[in-house]
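Colleague: Sharing input.cif (mmCIF, C-alpha atoms and all ligand atoms) below.
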data_query
loop_
_atom_site.label_atom_id
_atom_site.label_comp_id
_atom_site.auth_asym_id
_atom_site.auth_seq_id
_atom_site.Cartn_x
_atom_site.Cartn_y
_atom_site.Cartn_z
CA MET A 1452 50.20 -31.17 8.18
CA SER A 1453 52.66 -29.08 6.17
CA VAL A 1454 54.34 -30.16 2.94
CA LEU A 1455 57.53 -30.65 4.96
CA ASP A 1456 55.71 -32.95 7.39
CA ASP A 1457 54.38 -34.94 4.41
CA HIS A 1458 57.91 -35.22 3.15
CA TYR A 1459 59.16 -36.45 6.53
CA TYR A 1460 56.51 -39.15 6.79
CA ALA A 1461 57.06 -40.22 3.19
CA THR A 1462 60.81 -40.76 3.46
CA GLY A 1463 61.62 -41.01 7.18
CA TYR A 1464 64.15 -38.21 6.73
CA SER A 1465 63.73 -34.47 6.79
CA THR A 1466 65.66 -32.36 4.30
CA ASP A 1467 65.39 -29.06 2.51
CA ASN A 1468 65.35 -28.85 -1.30
CA ASP A 1469 65.59 -32.60 -1.67
CA PRO A 1470 66.60 -33.65 -5.21
CA TYR A 1471 65.66 -37.28 -4.46
CA VAL A 1472 61.90 -36.81 -4.21
CA TYR A 1473 58.96 -36.00 -6.46
CA GLU A 1474 56.93 -32.92 -5.61
CA ASN A 1475 54.69 -35.05 -3.40
CA GLY A 1476 57.68 -36.14 -1.28
CA VAL A 1477 57.86 -39.73 -2.53
CA LEU A 1478 61.40 -40.92 -3.34
CA ILE A 1479 62.14 -40.80 -7.07
CA ASN A 1480 62.10 -44.39 -8.29
CA LEU A 1481 62.51 -46.34 -11.51
CA TYR A 1482 58.84 -47.38 -11.51
CA GLY A 1483 57.49 -43.85 -11.24
CA ILE A 1484 55.50 -45.03 -8.20
CA GLN A 1485 53.87 -42.04 -6.52
CA ASP A 1486 52.85 -43.44 -3.15
CA THR A 1487 55.18 -44.47 -0.36
CA ALA A 1488 53.30 -47.64 0.68
CA SER A 1489 53.59 -49.17 -2.81
CA LEU A 1490 57.18 -48.01 -3.13
CA ASN A 1491 58.08 -49.54 0.24
CA GLU A 1492 56.56 -52.82 -0.85
CA ILE A 1493 58.56 -53.05 -4.06
CA GLU A 1494 61.71 -51.77 -2.35
CA SER A 1495 61.44 -54.44 0.38
CA THR A 1496 60.85 -57.19 -2.16
CA TYR A 1497 63.82 -56.30 -4.36
CA SER A 1498 66.21 -55.55 -1.52
CA ALA A 1499 65.34 -58.85 0.19
CA LEU A 1500 65.85 -60.79 -3.05
CA ASN A 1501 69.12 -59.01 -3.75
CA LEU A 1502 70.40 -59.49 -0.20
CA ARG A 1503 69.60 -63.18 -0.40
CA GLU A 1504 71.44 -63.47 -3.72
CA LEU A 1505 74.39 -61.52 -2.27
CA SER A 1506 74.57 -63.84 0.75
CA LEU A 1507 74.65 -66.86 -1.55
CA ASN A 1508 77.16 -65.32 -3.97
CA PRO A 1509 78.99 -62.58 -2.09
CA PRO A 1510 81.31 -60.27 -4.02
CA GLU A 1511 84.99 -60.74 -3.25
CA PRO A 1512 85.54 -58.99 0.08
CA ARG A 1513 87.72 -55.95 -0.59
CA PHE A 1514 86.65 -53.56 2.11
CA THR A 1515 86.84 -50.10 0.58
CA GLN A 1516 84.54 -47.17 -0.04
CA GLN A 1517 83.99 -48.48 -3.60
CA TYR A 1518 82.91 -51.87 -2.25
CA HIS A 1519 80.36 -50.27 0.08
CA ILE A 1520 78.96 -48.12 -2.73
CA ALA A 1521 78.78 -51.20 -5.00
CA LEU A 1522 76.79 -53.05 -2.31
CA HIS A 1523 74.21 -50.24 -2.20
CA HIS A 1524 73.93 -50.42 -5.97
CA LEU A 1525 73.50 -54.20 -5.97
CA ILE A 1526 70.79 -54.03 -3.28
CA PHE A 1527 68.71 -51.16 -4.75
CA LYS A 1528 69.51 -51.09 -8.48
CA GLU A 1529 66.02 -52.13 -9.66
CA VAL A 1530 64.30 -49.46 -7.57
CA TYR A 1531 66.31 -46.24 -7.40
CA PRO A 1532 68.13 -44.45 -10.22
CA TRP A 1533 70.51 -43.13 -7.54
CA ALA A 1534 71.41 -46.59 -6.18
CA GLY A 1535 75.15 -46.68 -5.59
CA GLU A 1536 75.54 -42.89 -5.41
CA LEU A 1537 76.68 -40.92 -2.40
CA ARG A 1538 73.97 -38.49 -1.30
CA VAL A 1539 74.30 -34.85 -2.32
CA VAL A 1540 71.86 -33.51 0.25
CA ASP A 1541 72.03 -33.13 4.03
CA ILE A 1542 69.55 -35.26 5.98
CA CYS A 1543 68.13 -35.49 9.50
CA LYS A 1544 66.14 -38.15 11.31
CA ALA A 1545 64.40 -37.35 14.64
CA SER A 1546 67.04 -35.37 16.58
CA THR A 1547 69.96 -36.70 14.51
CA THR A 1548 71.68 -34.67 11.83
CA PHE A 1549 73.86 -36.98 9.76
CA MET A 1550 77.24 -35.97 8.32
CA GLU A 1551 77.27 -33.03 5.91
CA ASN A 1552 77.21 -34.45 2.40
CA GLU A 1553 80.45 -32.71 1.31
CA LYS A 1554 82.40 -34.69 3.92
CA ILE A 1555 81.04 -38.15 3.08
CA ALA A 1556 83.61 -39.35 0.53
CA ASP A 1557 86.67 -38.38 2.62
CA SER A 1558 85.16 -39.75 5.83
CA LEU A 1559 84.26 -43.06 4.23
CA GLU A 1560 87.78 -43.33 2.85
CA GLN A 1561 89.25 -42.74 6.32
CA LEU A 1562 86.84 -45.19 7.93
CA PHE A 1563 87.77 -48.03 5.56
CA LEU A 1564 91.49 -47.23 5.88
CA ARG A 1565 91.14 -47.69 9.66
CA LEU A 1566 89.52 -51.08 9.02
CA ASN A 1567 92.24 -52.09 6.56
CA ALA A 1568 94.91 -50.95 9.07
CA VAL A 1569 93.73 -53.67 11.49
CA ASN A 1570 93.81 -56.30 8.73
CA ASP A 1571 90.02 -56.07 8.31
CA CYS A 1572 89.66 -57.57 11.86
CA LYS A 1573 91.33 -60.85 10.89
CA GLY A 1574 93.04 -62.44 13.88
CA MET A 1575 91.03 -60.46 16.44
CA SER A 1576 89.48 -62.09 19.49
CA HIS A 1577 85.69 -61.93 19.73
CA ALA A 1578 85.92 -59.09 22.27
CA GLU A 1579 88.34 -57.11 20.09
CA PHE A 1580 86.15 -57.66 17.04
CA SER A 1581 83.03 -56.46 18.88
CA ASP A 1582 84.77 -53.37 20.26
CA PHE A 1583 86.16 -52.42 16.87
CA ILE A 1584 83.03 -53.13 14.82
CA GLY A 1585 80.79 -51.38 17.39
CA ILE A 1586 82.72 -48.18 16.72
CA PHE A 1587 82.95 -48.84 12.97
CA LEU A 1588 79.16 -49.35 12.73
CA SER A 1589 78.44 -46.22 14.77
CA GLN A 1590 80.72 -44.08 12.63
CA LEU A 1591 79.44 -45.53 9.36
CA ASN A 1592 75.88 -44.89 10.50
CA PHE A 1593 76.78 -41.28 11.34
CA ILE A 1594 78.24 -40.84 7.85
CA HIS A 1595 74.96 -42.26 6.39
CA PRO A 1596 76.37 -42.17 2.85
CA PHE A 1597 73.12 -42.79 0.97
CA ARG A 1598 69.80 -41.01 0.74
CA GLU A 1599 68.02 -44.24 1.80
CA GLY A 1600 69.03 -47.84 2.41
CA ASN A 1601 71.93 -47.21 4.78
CA GLY A 1602 70.75 -49.75 7.37
CA ARG A 1603 70.48 -52.69 4.99
CA THR A 1604 73.79 -51.86 3.30
CA GLN A 1605 75.74 -51.46 6.54
CA ARG A 1606 74.27 -54.65 8.03
CA PHE A 1607 75.33 -56.67 4.97
CA LEU A 1608 78.78 -55.06 5.00
CA ILE A 1609 79.30 -55.97 8.65
CA SER A 1610 78.15 -59.54 8.06
CA GLU A 1611 80.79 -59.78 5.35
CA ILE A 1612 83.54 -58.25 7.48
CA ALA A 1613 82.58 -60.77 10.18
CA ARG A 1614 82.61 -63.72 7.79
CA ASN A 1615 85.97 -62.71 6.36
CA ALA A 1616 87.39 -62.57 9.90
CA ASP A 1617 85.86 -65.94 10.89
CA PHE A 1618 82.90 -64.61 12.85
CA TYR A 1619 79.20 -65.05 12.20
CA MET A 1620 76.96 -62.00 12.63
CA ASP A 1621 73.27 -62.75 13.25
CA TRP A 1622 71.12 -59.68 12.56
CA ASN A 1623 67.90 -61.70 13.07
CA THR A 1624 68.40 -61.45 16.81
CA VAL A 1625 68.81 -57.64 16.79
CA SER A 1626 65.54 -55.73 17.21
CA PRO A 1627 65.10 -52.44 15.33
CA GLU A 1628 64.76 -50.73 18.73
CA THR A 1629 68.10 -52.10 19.98
CA MET A 1630 69.74 -51.07 16.70
CA ASN A 1631 68.24 -47.59 16.76
CA ASN A 1632 69.28 -47.01 20.37
CA ALA A 1633 72.82 -48.12 19.62
CA CYS A 1634 72.95 -45.89 16.53
CA ILE A 1635 71.55 -42.88 18.37
CA ASP A 1636 74.17 -43.25 21.13
CA GLY A 1637 76.79 -43.64 18.41
CA ILE A 1638 75.91 -40.22 17.01
CA ALA A 1639 76.95 -38.77 20.39
CA GLY A 1640 80.21 -40.76 20.31
CA GLN A 1641 78.93 -43.31 22.85
CA TYR A 1642 79.78 -46.72 21.43
CA ARG A 1643 79.06 -49.10 24.35
CA LYS A 1644 75.59 -50.18 23.15
CA ALA A 1645 76.81 -50.84 19.61
CA GLN A 1646 79.79 -52.82 20.91
CA ARG A 1647 77.50 -54.90 23.14
CA LEU A 1648 75.05 -55.41 20.26
CA ILE A 1649 77.86 -56.85 18.14
CA LEU A 1650 79.21 -58.98 21.00
CA LEU A 1651 75.82 -60.50 21.85
CA ASN A 1652 74.76 -61.19 18.26
CA SER A 1653 77.93 -62.56 16.73
CA ARG A 1654 79.90 -65.76 17.30
CA PRO A 1655 83.35 -66.99 16.38
CA GLU A 1656 82.90 -69.46 13.50
CA SER A 1657 84.82 -72.02 15.57
CA LEU A 1658 81.95 -72.10 18.10
CA LEU A 1659 79.27 -72.86 15.50
CA GLY A 1660 78.12 -76.47 15.35
CA ASN A 1661 79.21 -78.52 12.34
N1 LIG B 1701 67.58 -41.01 14.94
C1 LIG B 1701 68.53 -41.80 14.47
N2 LIG B 1701 69.83 -41.48 14.67
C2 LIG B 1701 70.82 -42.28 14.21
N3 LIG B 1701 70.61 -43.42 13.52
C3 LIG B 1701 69.35 -43.78 13.30
C4 LIG B 1701 68.24 -43.00 13.76
N4 LIG B 1701 67.09 -43.63 13.39
C5 LIG B 1701 67.45 -44.74 12.73
N5 LIG B 1701 68.81 -44.85 12.66
C6 LIG B 1701 69.59 -45.91 12.04
O1 LIG B 1701 69.66 -45.66 10.64
C7 LIG B 1701 69.72 -46.90 9.94
C8 LIG B 1701 68.61 -46.93 8.88
O2 LIG B 1701 68.97 -46.07 7.84
P1 LIG B 1701 68.09 -46.06 6.50
O3 LIG B 1701 66.67 -45.76 6.82
O4 LIG B 1701 68.80 -45.21 5.49
O5 LIG B 1701 68.25 -47.59 6.06
P2 LIG B 1701 67.21 -48.63 5.49
O6 LIG B 1701 67.98 -49.79 4.98
O7 LIG B 1701 66.30 -47.93 4.52
O8 LIG B 1701 66.33 -49.02 6.78
P3 LIG B 1701 66.39 -50.24 7.79
O9 LIG B 1701 67.70 -50.19 8.53
O10 LIG B 1701 65.22 -49.98 8.70
O11 LIG B 1701 66.24 -51.52 6.99
C9 LIG B 1701 69.49 -48.01 10.98
O12 LIG B 1701 70.72 -48.61 11.33
C10 LIG B 1701 68.90 -47.26 12.15
O13 LIG B 1701 69.18 -47.89 13.39
#
Could the structure of this file be written out as structure tokens, please?
Modeller:
Amino acid sequence: MSVLDDHYYATGYSTDNDPYVYENGVLINLYGIQDTASLNEIESTYSALNLRELSLNPPEPRFTQQYHIALHHLIFKEVYPWAGELRVVDICKASTTFMENEKIADSLEQLFLRLNAVNDCKGMSHAEFSDFIGIFLSQLNFIHPFREGNGRTQRFLISEIARNADFYMDWNTVSPETMNNACIDGIAGQYRKAQRLILLNSRPESLLGN
């Protein structure tokens, strides 16, 4: 196995000249942990705790690039010194090359402006919401603004957009395989799986039992 292979298995992403990793390929972290298994453990613990706290006390929903970056910081602040920072390196996963890092800030800005232009989905029917958010999720995933932690941050964001528009998004019923397939299609501009994923795993609040 080459050093690059080690790097891929340690972070899940392949990159050249990655400023986010130690020489051994482990992501630079606030604990100085040098093995990926231990880092994953502490990362999962903190992100789960932070996501739980965020669900109980969500920040005021102002859907902008700054809000999304703040979410990443809130979820990963105990673990990564670069929590809440847009990545400055290009990254690939399997056959996907995510957006070039120089384009991230402008693309995120445009993406959130498109959301704001439809009143953050408020007043949409369930079908309209699913169609819109399926595309929004696919495009946000293609941008992949952070070096790590994009999935957790985008799932929380979408739950909040849903809540603010009187829908409930249930990620517990979405398998990683279904999510990955939807995201991979989204990279190719095919949004049907992501739209269906949102439709089948969200509900209008009015349909939830009291
Ligand atoms: N080959 C791929 N092409 C496009 N998107 C992918 C690919 N593999 C995984 N994804 C998506 O990338 C997101 C995960 O990104 P990342 O690993 O940065 O986030 P995470 O929060 O660390 O992980 P997770 O989503 O597993 O909790 C998920 O939504 C996943 O479906």
Colleague: Mind checking which residues fall within 7 Å of segment 1505-1516 of chain A, counting all atoms listed in the file, ignoring those fewer than 6 positions away in the same chain, and posting them as a PyMOL selection string?
Modeller: chain A and resi 1559-1560+1563
Colleague: With all atoms listed in the file as the atoms that count, which of A:Asn1567, A:Thr1548, A:Ser1653, A:Asn1468 lies nearest to ligand LIG 1701 (chain B)?
Modeller: A:Thr1548
Colleague: Could you list the protein, DNA and RNA residues that have any atom within 7 Å of ligand LIG 1701 (chain B), counting all atoms listed in the file, and write them as a PDB file with C-alpha atoms, in the frame of the given file?
Modeller:
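Output saved as result.pdb:
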ATOM      1  CA  GLY A1463      61.620 -41.010   7.180  1.00  0.00           C
ATOM      2  CA  LYS A1544      66.140 -38.150  11.310  1.00  0.00           C
ATOM      3  CA  ALA A1545      64.400 -37.350  14.640  1.00  0.00           C
ATOM      4  CA  SER A1546      67.040 -35.370  16.580  1.00  0.00           C
ATOM      5  CA  THR A1547      69.960 -36.700  14.510  1.00  0.00           C
ATOM      6  CA  ASN A1592      75.880 -44.890  10.500  1.00  0.00           C
ATOM      7  CA  PHE A1593      76.780 -41.280  11.340  1.00  0.00           C
ATOM      8  CA  HIS A1595      74.960 -42.260   6.390  1.00  0.00           C
ATOM      9  CA  PHE A1597      73.120 -42.790   0.970  1.00  0.00           C
ATOM     10  CA  ARG A1598      69.800 -41.010   0.740  1.00  0.00           C
ATOM     11  CA  GLU A1599      68.020 -44.240   1.800  1.00  0.00           C
ATOM     12  CA  GLY A1600      69.030 -47.840   2.410  1.00  0.00           C
ATOM     13  CA  ASN A1601      71.930 -47.210   4.780  1.00  0.00           C
ATOM     14  CA  GLY A1602      70.750 -49.750   7.370  1.00  0.00           C
ATOM     15  CA  ARG A1603      70.480 -52.690   4.990  1.00  0.00           C
ATOM     16  CA  THR A1604      73.790 -51.860   3.300  1.00  0.00           C
ATOM     17  CA  PRO A1627      65.100 -52.440  15.330  1.00  0.00           C
ATOM     18  CA  MET A1630      69.740 -51.070  16.700  1.00  0.00           C
ATOM     19  CA  ASN A1631      68.240 -47.590  16.760  1.00  0.00           C
ATOM     20  CA  CYS A1634      72.950 -45.890  16.530  1.00  0.00           C
ATOM     21  CA  ILE A1635      71.550 -42.880  18.370  1.00  0.00           C
ATOM     22  CA  ILE A1638      75.910 -40.220  17.010  1.00  0.00           C
TER      23      ILE A1638
END
Colleague: Hey, which of A:Thr1496, A:Met1575, A:Ser1581, A:Ile1479 ends up closest to Ala1534 of chain A? Count all atoms listed in the file.
Modeller: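 Comparing A:Thr1496, A:Met1575, A:Ser1581, A:Ile1479 against Ala1534 of chain A, the winner is A:Ile1479.
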Colleague: Just checking: using all atoms listed in the file, which residue out of A:Asn1623, A:Phe1587, A:Arg1614, A:Asp1582 ends up closest to Arg1643 of chain A?
Modeller: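 Result for the nearest residue to Arg1643 of chain A: A:Asp1582.
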Colleague: Compile the contact shell of Phe1583 of chain A as a list of chain:residue names: residues with an atom at most 10 Å away, counting all atoms listed in the file, same-chain residues fewer than 4 positions apart removed.
Modeller: A:Arg1565, A:Leu1566, A:Val1569, A:Cys1572, A:Met1575, A:His1577, A:Ala1578, A:Glu1579, A:Phe1587, A:Leu1588, A:Tyr1642, A:Ala1645, A:Gln1646, A:Ile1649
Colleague: To one decimal in Å, tell me the separation between atom CA of Leu1500 of chain A and atom CA of Glu1628 of chain A.
Modeller: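 Taking atom CA of Leu1500 of chain A as the start and atom CA of Glu1628 of chain A as the end point, the length is 24.0 Å.
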Colleague: If I put a ball of radius 7 Å at (78.6, -62.5, 13.1) in the file's coordinates, which residues poke into it when counting only C-alpha atoms, written as a list in words?
Modeller: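 I get Ser1610, Ala1613, Arg1614, Phe1618, Tyr1619, Met1620, Asp1621, Asn1652, Ser1653 and Arg1654 of chain A for the residues within 7 Å of that point.
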Colleague: Using C-alpha atoms, can you export the residues from the last selection as a CSV table (one decimal), keeping the file's coordinate frame?
Modeller:
chain,number,residue,atom,x,y,z
A,1610,SER,CA,78.2,-59.5,8.1
A,1613,ALA,CA,82.6,-60.8,10.2
A,1614,ARG,CA,82.6,-63.7,7.8
A,1618,PHE,CA,82.9,-64.6,12.8
A,1619,TYR,CA,79.2,-65.0,12.2
A,1620,MET,CA,77.0,-62.0,12.6
A,1621,ASP,CA,73.3,-62.8,13.2
A,1652,ASN,CA,74.8,-61.2,18.3
A,1653,SER,CA,77.9,-62.6,16.7
A,1654,ARG,CA,79.9,-65.8,17.3
Colleague: Listed atoms of segment 1523-1526 of chain A, axis-aligned box, 3 Å per side: centre and edge lengths to one decimal in Å, as lines of an AutoDock Vina configuration file?
Modeller:
center_x = 72.5
center_y = -52.2
center_z = -4.1
size_x = 9.4
size_y = 10.0
size_z = 9.8
Colleague: Smallest atom-to-atom distance to Gln1605 of chain A: which of A:Ile1555, A:Cys1543, A:Leu1648, A:Ile1526, using all atoms listed in the file?
Modeller: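 Distance minimum relative to Gln1605 of chain A lands on A:Ile1526.
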Colleague: Which is closest to Asn1480 of chain A among A:Trp1622, A:Phe1580, A:Phe1607, A:Trp1533, if we use all atoms listed in the file?
Modeller: A:Trp1533
Colleague: Just give me the gap between atom CA of Pro1655 of chain A and atom CA of Glu1611 of chain A in Å, one decimal is fine.
Modeller: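 Atom CA of Glu1611 of chain A lies 13.4 Å from atom CA of Pro1655 of chain A.
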Colleague: Using atom CA of Thr1624 of chain A and atom CA of Leu1659 of chain A as the two end points, give the distance in Å to one decimal.
Modeller: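 Going from atom CA of Thr1624 of chain A over to atom CA of Leu1659 of chain A, I get 15.8 Å.
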Colleague: For each of A:Pro1532, A:Ser1558, A:Val1625, A:His1519, take the minimum atom-to-atom distance to Leu1481 of chain A, counting only C-alpha atoms, then give the residue where this is smallest.
Modeller: A:Pro1532
Colleague: Writing N, CA, C and O atoms and nothing else, produce segment 1510-1536 of chain A as a short mmCIF file (atom, residue, chain, number, x, y, z; two decimals), in the first residue's frame.
Modeller:
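The resulting file, part-v2.cif, is reproduced below:
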data_model
loop_
_atom_site.label_atom_id
_atom_site.label_comp_id
_atom_site.auth_asym_id
_atom_site.auth_seq_id
_atom_site.Cartn_x
_atom_site.Cartn_y
_atom_site.Cartn_z
N PRO A 1510 -30.05 27.04 16.50
CA PRO A 1510 -29.80 28.47 16.28
C PRO A 1510 -30.94 29.05 15.43
O PRO A 1510 -31.61 28.31 14.71
N GLU A 1511 -31.14 30.35 15.55
CA GLU A 1511 -32.22 30.97 14.77
C GLU A 1511 -32.00 30.68 13.29
O GLU A 1511 -30.89 30.88 12.77
N PRO A 1512 -33.04 30.16 12.61
CA PRO A 1512 -32.82 29.75 11.22
C PRO A 1512 -32.72 30.94 10.26
O PRO A 1512 -33.72 31.52 9.86
N ARG A 1513 -31.50 31.29 9.93
CA ARG A 1513 -31.25 32.30 8.88
C ARG A 1513 -30.39 31.60 7.86
O ARG A 1513 -29.18 31.43 8.08
N PHE A 1514 -31.02 31.13 6.78
CA PHE A 1514 -30.32 30.21 5.89
C PHE A 1514 -29.40 30.95 4.92
O PHE A 1514 -29.81 31.42 3.87
N THR A 1515 -28.14 31.00 5.33
CA THR A 1515 -27.11 31.68 4.55
C THR A 1515 -25.84 30.82 4.61
O THR A 1515 -25.76 29.87 5.40
N GLN A 1516 -24.88 31.20 3.79
CA GLN A 1516 -23.57 30.54 3.83
C GLN A 1516 -22.97 30.60 5.25
O GLN A 1516 -22.44 29.61 5.76
N GLN A 1517 -23.11 31.76 5.90
CA GLN A 1517 -22.54 31.94 7.24
C GLN A 1517 -23.18 30.98 8.25
O GLN A 1517 -22.52 30.42 9.12
N TYR A 1518 -24.48 30.78 8.09
CA TYR A 1518 -25.20 29.85 8.98
C TYR A 1518 -24.66 28.43 8.80
O TYR A 1518 -24.41 27.72 9.78
N HIS A 1519 -24.47 28.03 7.55
CA HIS A 1519 -23.99 26.67 7.29
C HIS A 1519 -22.58 26.46 7.86
O HIS A 1519 -22.28 25.44 8.48
N ILE A 1520 -21.74 27.46 7.69
CA ILE A 1520 -20.38 27.39 8.22
C ILE A 1520 -20.42 27.35 9.75
O ILE A 1520 -19.67 26.58 10.39
N ALA A 1521 -21.32 28.14 10.34
CA ALA A 1521 -21.45 28.14 11.81
C ALA A 1521 -21.90 26.76 12.30
O ALA A 1521 -21.44 26.30 13.36
N LEU A 1522 -22.79 26.11 11.56
CA LEU A 1522 -23.22 24.76 11.97
C LEU A 1522 -22.03 23.81 12.02
O LEU A 1522 -21.86 23.04 12.97
N HIS A 1523 -21.19 23.86 10.99
CA HIS A 1523 -20.02 22.96 10.96
C HIS A 1523 -19.14 23.23 12.17
O HIS A 1523 -18.65 22.31 12.82
N HIS A 1524 -18.98 24.50 12.49
CA HIS A 1524 -18.16 24.84 13.67
C HIS A 1524 -18.79 24.28 14.94
O HIS A 1524 -18.11 23.66 15.77
N LEU A 1525 -20.09 24.47 15.09
CA LEU A 1525 -20.76 24.00 16.32
C LEU A 1525 -20.67 22.48 16.45
O LEU A 1525 -20.57 21.94 17.55
N ILE A 1526 -20.71 21.77 15.34
CA ILE A 1526 -20.71 20.30 15.40
C ILE A 1526 -19.30 19.74 15.68
O ILE A 1526 -19.15 18.76 16.40
N PHE A 1527 -18.26 20.41 15.16
CA PHE A 1527 -16.92 19.81 15.20
C PHE A 1527 -15.89 20.61 15.99
O PHE A 1527 -14.70 20.30 15.97
N LYS A 1528 -16.34 21.64 16.72
CA LYS A 1528 -15.39 22.58 17.33
C LYS A 1528 -14.44 21.96 18.35
O LYS A 1528 -13.32 22.41 18.52
N GLU A 1529 -14.85 20.89 19.03
CA GLU A 1529 -13.96 20.28 20.04
C GLU A 1529 -12.90 19.39 19.39
O GLU A 1529 -11.96 18.96 20.05
N VAL A 1530 -13.09 19.07 18.12
CA VAL A 1530 -12.24 18.04 17.50
C VAL A 1530 -11.24 18.61 16.49
O VAL A 1530 -10.07 18.21 16.46
N TYR A 1531 -11.73 19.53 15.63
CA TYR A 1531 -10.87 19.99 14.54
C TYR A 1531 -10.56 21.49 14.65
O TYR A 1531 -11.50 22.29 14.78
N PRO A 1532 -9.31 21.87 14.54
CA PRO A 1532 -8.99 23.31 14.58
C PRO A 1532 -9.58 24.04 13.37
O PRO A 1532 -9.77 25.26 13.42
N TRP A 1533 -9.89 23.29 12.31
CA TRP A 1533 -10.44 23.89 11.09
C TRP A 1533 -11.96 23.75 11.03
O TRP A 1533 -12.56 23.95 9.96
N ALA A 1534 -12.60 23.44 12.15
CA ALA A 1534 -14.07 23.40 12.16
C ALA A 1534 -14.59 24.78 11.78
O ALA A 1534 -14.09 25.80 12.26
N GLY A 1535 -15.58 24.83 10.90
CA GLY A 1535 -16.15 26.11 10.50
C GLY A 1535 -15.30 26.86 9.50
O GLY A 1535 -15.44 28.07 9.34
N GLU A 1536 -14.42 26.15 8.80
CA GLU A 1536 -13.62 26.80 7.74
C GLU A 1536 -13.86 26.09 6.42
O GLU A 1536 -13.86 24.84 6.38
#
